[in-house]
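Colleague: Just passing along the structure, written as structure tokens.
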Amino acid sequence: MTDGPRFAHASEAELARILDFYEVRWEYEPRTFPILWNTDGQVVESFSPDFYLPELDLYLELTTLRQSLVRKKNRKLRRLRESYPMLHVKLFYARDFRALLLKYGRLDAAPWLIGTDGQVGPDRPIEPSLDPVPVALAHPAA
Amino acid sequence: MTRTPDHAQDVAEILIPEPVLQAKVAELGARLSVDYAGQPVTLVSVLKGSLPFMADLMRAMTIPLTIDLMEVSSYGGAVTETSGLVRILKDLSKTIEGKDVLIVEDIIDTGLTLNYLVRYLRGKSPASLRICTLLDKPARRLVEIDIDYRGFTIPDRFVVGYGLDYGEFYRNLPYIGVLKPEVYGAA
């Protein structure tokens with residue numbers, strides 16, 4: 001699964017690796033949900049959550065941008081929940097992702113996995129695997 | 001972790017003092033003794049963090065029981081692992097087929113490891129499988145899991161002590177404490 005999609009952000013690739021590790025099936029941006037229509041009924045805004053975990057029937061949206069920049073995403077998520085109340089969606093903020101990295105002893109990878117530094121572009125392809133980092137297990141059983 | 005841990009300096013505050021912790025363990029033990037009365041239960045603890053909780057909980061239970069231990073690898077980045085999947089570092093020593101099993105956890109946060117473990121143990125056909133955790137940190141949950149017995153629901157803080165570690169240290173603290181962010185480099 002990890003070889004398939006082209007992730008837009010390094011943090012998404014890392015989350016996919018974590019899900020793979022724990023054998024949680026995922027799909028990357030499998031669905032786009034219209035969330036705003038004009039008076040003619042045409043879709044003017046839509047939202048594609050980053051991950052869908054089919055076994056858990058859960059959509060995950062990962063946003064590792066600074067907290068001050070996530071207002072737009074929060075608004076879109078609110079619309080998504082209003083339009084599709086039966087949908088299970090979880091928003092994963094930068095602080096949540098940092099906590100995940102800390103838990104797995106990978107906090108030193110945070111600078112290039114979080115925020116604009118982790119964005120992937122033509123001149124900055126995603127790394128297939130990151131440099132080895134000493135593992136300091138925090139809560140391995142959780 | 002390169003610096004030498006200092007228990008007195010590194011803990012910002014005591015979240016759950018030892019007497020409160022012990023009272024809760026006694027309460028859980030009493031409840032489990034009632035719920036599993038007449039049906040010997042196997043407690044399965046996940047190394048290493050659950051060890052103190054397991055040791056105290058089993059002694060707080062007054063019914064016949066057996067114990068077993070498991071250890072699973074934790075995610076540490078793709079290239080540090082020989083394979084990209086969870087590995088069972090220590091498996092159960094006896095079969096649990098047809099037995100009533102209680103997973104004893106120190107903390108549940110993302111639920112990823114426990115989700116894996118539940119699927120793994122269900123595959124061994126126990127008569128029943130329930131979950132008992134000392135600490136529940138729901139703010140970090142990725143995978144929703146039904147918890148049958150819960151000691152404390154805690155806020156989203158980095159906690160150590162009573163089995164919980166940072167860099168393998170602090171497990172021997174008799175209480176649950178909040179680690180100062182500067183200790184793990186998040187300040």
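Ordering of the structure tokens sets the chain letters (A, B, ...), residue numbers begin anew at 1 in every chain, and ligands are numbered from 1 in the order given.
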Could you go through range 29-124 of chain A and tell me which residues DSSP, when run on the backbone, assigns to helix (DSSP H, G or I), listing them as number ranges by chain?
Modeller: A: 67-69, 71-83, 94-103, 107-113, 115-118
Colleague: Name the residues in contact with range 26-29 of chain A at a cut-off of 12 Å, using only C-alpha atoms, excluding same-chain residues fewer than 6 positions from it; report them as number ranges by chain.
Modeller: A: 1-8, 12-13, 15-20, 47-62
Colleague: What are the residues of chain B that have an atom within 9 Å of an atom of chain A, counting only C-alpha atoms, as a ChimeraX atom specification?
Modeller: /B:1,46-50,71-80,83-86,105-116,139-140,142-144,158,160,164-168,184-186
Colleague: Could you check which of B:Val104, B:Leu21, B:Ala8, B:Ile14 is closest to Gly177 in chain B, using only C-alpha atoms?
Modeller: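 Residue with the minimum atom-to-atom distance to Gly177 in chain B: B:Ile14.
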Colleague: Please compute the CA of Phe53 in chain B-CA of Ala127 in chain B distance, one decimal, in Å.
Modeller: 23.9 Å
Colleague: Excluding Lys99 in chain B and any residue of its chain fewer than 2 positions from it, enumerate the residues within 9 Å of it, using only C-alpha atoms, and give them as a list in words.
Modeller: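 Result of the neighbour search: Gln39, Pro40, Val41, Thr42, Thr95, Ile96, Glu97, Val101, Ser125, Pro126, Ala127, Ser128 and Leu129 of chain B.
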Colleague: If you run DSSP on the backbone here, which positions in chain B get strand (DSSP E)? Please write them as a PyMOL selection string.
Modeller: chain B and resi 11-16+41-46+65-72+88-90+100-108+128-136+149-153+159-160+176-179
Colleague: When you look at Leu80 in chain A with a cut-off of 8 Å (counting only C-alpha atoms), what residues show up, excluding the ones that are within fewer than 4 positions of it in the same chain? I need them as a list in words.
Modeller: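 So, after excluding close chain neighbours, the residues are Phe33, Ile35, Phe47, Lys76, Tyr84 and Pro85 of chain A.
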Colleague: Atoms to include: all heavy atoms. Write the selected residues as a PDB file, in the first residue's frame.
Modeller:
```
ATOM      1  N   PHE A  33     -16.091  14.792  -1.005  1.00  0.00           N
ATOM      2  CA  PHE A  33     -17.451  15.117  -0.570  1.00  0.00           C
ATOM      3  C   PHE A  33     -17.784  16.573  -0.928  1.00  0.00           C
ATOM      4  O   PHE A  33     -17.097  17.490  -0.457  1.00  0.00           O
ATOM      5  CB  PHE A  33     -17.573  14.953   0.953  1.00  0.00           C
ATOM      6  CG  PHE A  33     -17.372  13.550   1.431  1.00  0.00           C
ATOM      7  CD1 PHE A  33     -16.108  13.105   1.816  1.00  0.00           C
ATOM      8  CD2 PHE A  33     -18.435  12.665   1.504  1.00  0.00           C
ATOM      9  CE1 PHE A  33     -15.915  11.814   2.264  1.00  0.00           C
ATOM     10  CE2 PHE A  33     -18.251  11.362   1.946  1.00  0.00           C
ATOM     11  CZ  PHE A  33     -16.983  10.934   2.326  1.00  0.00           C
ATOM     12  N   ILE A  35     -19.361  19.970  -0.277  1.00  0.00           N
ATOM     13  CA  ILE A  35     -19.795  20.538   1.005  1.00  0.00           C
ATOM     14  C   ILE A  35     -20.481  21.907   0.847  1.00  0.00           C
ATOM     15  O   ILE A  35     -21.042  22.429   1.786  1.00  0.00           O
ATOM     16  CB  ILE A  35     -18.626  20.671   2.013  1.00  0.00           C
ATOM     17  CG1 ILE A  35     -17.465  21.458   1.410  1.00  0.00           C
ATOM     18  CG2 ILE A  35     -18.178  19.316   2.514  1.00  0.00           C
ATOM     19  CD1 ILE A  35     -16.378  21.796   2.434  1.00  0.00           C
ATOM     20  N   PHE A  47     -14.514  18.543  -0.224  1.00  0.00           N
ATOM     21  CA  PHE A  47     -13.501  18.191   0.768  1.00  0.00           C
ATOM     22  C   PHE A  47     -13.132  16.723   0.589  1.00  0.00           C
ATOM     23  O   PHE A  47     -14.005  15.851   0.527  1.00  0.00           O
ATOM     24  CB  PHE A  47     -14.084  18.438   2.177  1.00  0.00           C
ATOM     25  CG  PHE A  47     -13.093  18.283   3.297  1.00  0.00           C
ATOM     26  CD1 PHE A  47     -11.733  18.480   3.116  1.00  0.00           C
ATOM     27  CD2 PHE A  47     -13.526  17.952   4.577  1.00  0.00           C
ATOM     28  CE1 PHE A  47     -10.831  18.356   4.161  1.00  0.00           C
ATOM     29  CE2 PHE A  47     -12.645  17.824   5.636  1.00  0.00           C
ATOM     30  CZ  PHE A  47     -11.295  18.026   5.420  1.00  0.00           C
ATOM     31  N   LYS A  76     -14.180  23.835   6.879  1.00  0.00           N
ATOM     32  CA  LYS A  76     -14.567  22.811   5.900  1.00  0.00           C
ATOM     33  C   LYS A  76     -15.032  21.532   6.603  1.00  0.00           C
ATOM     34  O   LYS A  76     -16.000  20.895   6.190  1.00  0.00           O
ATOM     35  CB  LYS A  76     -13.382  22.489   4.973  1.00  0.00           C
ATOM     36  CG  LYS A  76     -13.058  23.597   3.997  1.00  0.00           C
ATOM     37  CD  LYS A  76     -11.916  23.227   3.091  1.00  0.00           C
ATOM     38  CE  LYS A  76     -12.402  22.589   1.824  1.00  0.00           C
ATOM     39  NZ  LYS A  76     -11.343  22.403   0.821  1.00  0.00           N
ATOM     40  N   TYR A  84     -22.899  15.637   6.206  1.00  0.00           N
ATOM     41  CA  TYR A  84     -22.867  14.165   6.275  1.00  0.00           C
ATOM     42  C   TYR A  84     -22.761  13.746   7.745  1.00  0.00           C
ATOM     43  O   TYR A  84     -21.710  13.296   8.204  1.00  0.00           O
ATOM     44  CB  TYR A  84     -21.676  13.612   5.482  1.00  0.00           C
ATOM     45  CG  TYR A  84     -21.616  14.103   4.060  1.00  0.00           C
ATOM     46  CD1 TYR A  84     -20.945  15.283   3.726  1.00  0.00           C
ATOM     47  CD2 TYR A  84     -22.243  13.391   3.033  1.00  0.00           C
ATOM     48  CE1 TYR A  84     -20.898  15.751   2.427  1.00  0.00           C
ATOM     49  CE2 TYR A  84     -22.205  13.849   1.726  1.00  0.00           C
ATOM     50  CZ  TYR A  84     -21.532  15.033   1.431  1.00  0.00           C
ATOM     51  OH  TYR A  84     -21.499  15.486   0.138  1.00  0.00           O
ATOM     52  N   PRO A  85     -23.863  13.905   8.485  1.00  0.00           N
ATOM     53  CA  PRO A  85     -23.792  13.664   9.939  1.00  0.00           C
ATOM     54  C   PRO A  85     -23.447  12.222  10.314  1.00  0.00           C
ATOM     55  O   PRO A  85     -22.985  11.981  11.431  1.00  0.00           O
ATOM     56  CB  PRO A  85     -25.190  14.039  10.430  1.00  0.00           C
ATOM     57  CG  PRO A  85     -26.051  14.082   9.217  1.00  0.00           C
ATOM     58  CD  PRO A  85     -25.180  14.367   8.055  1.00  0.00           C
TER      59      PRO A  85
END
```
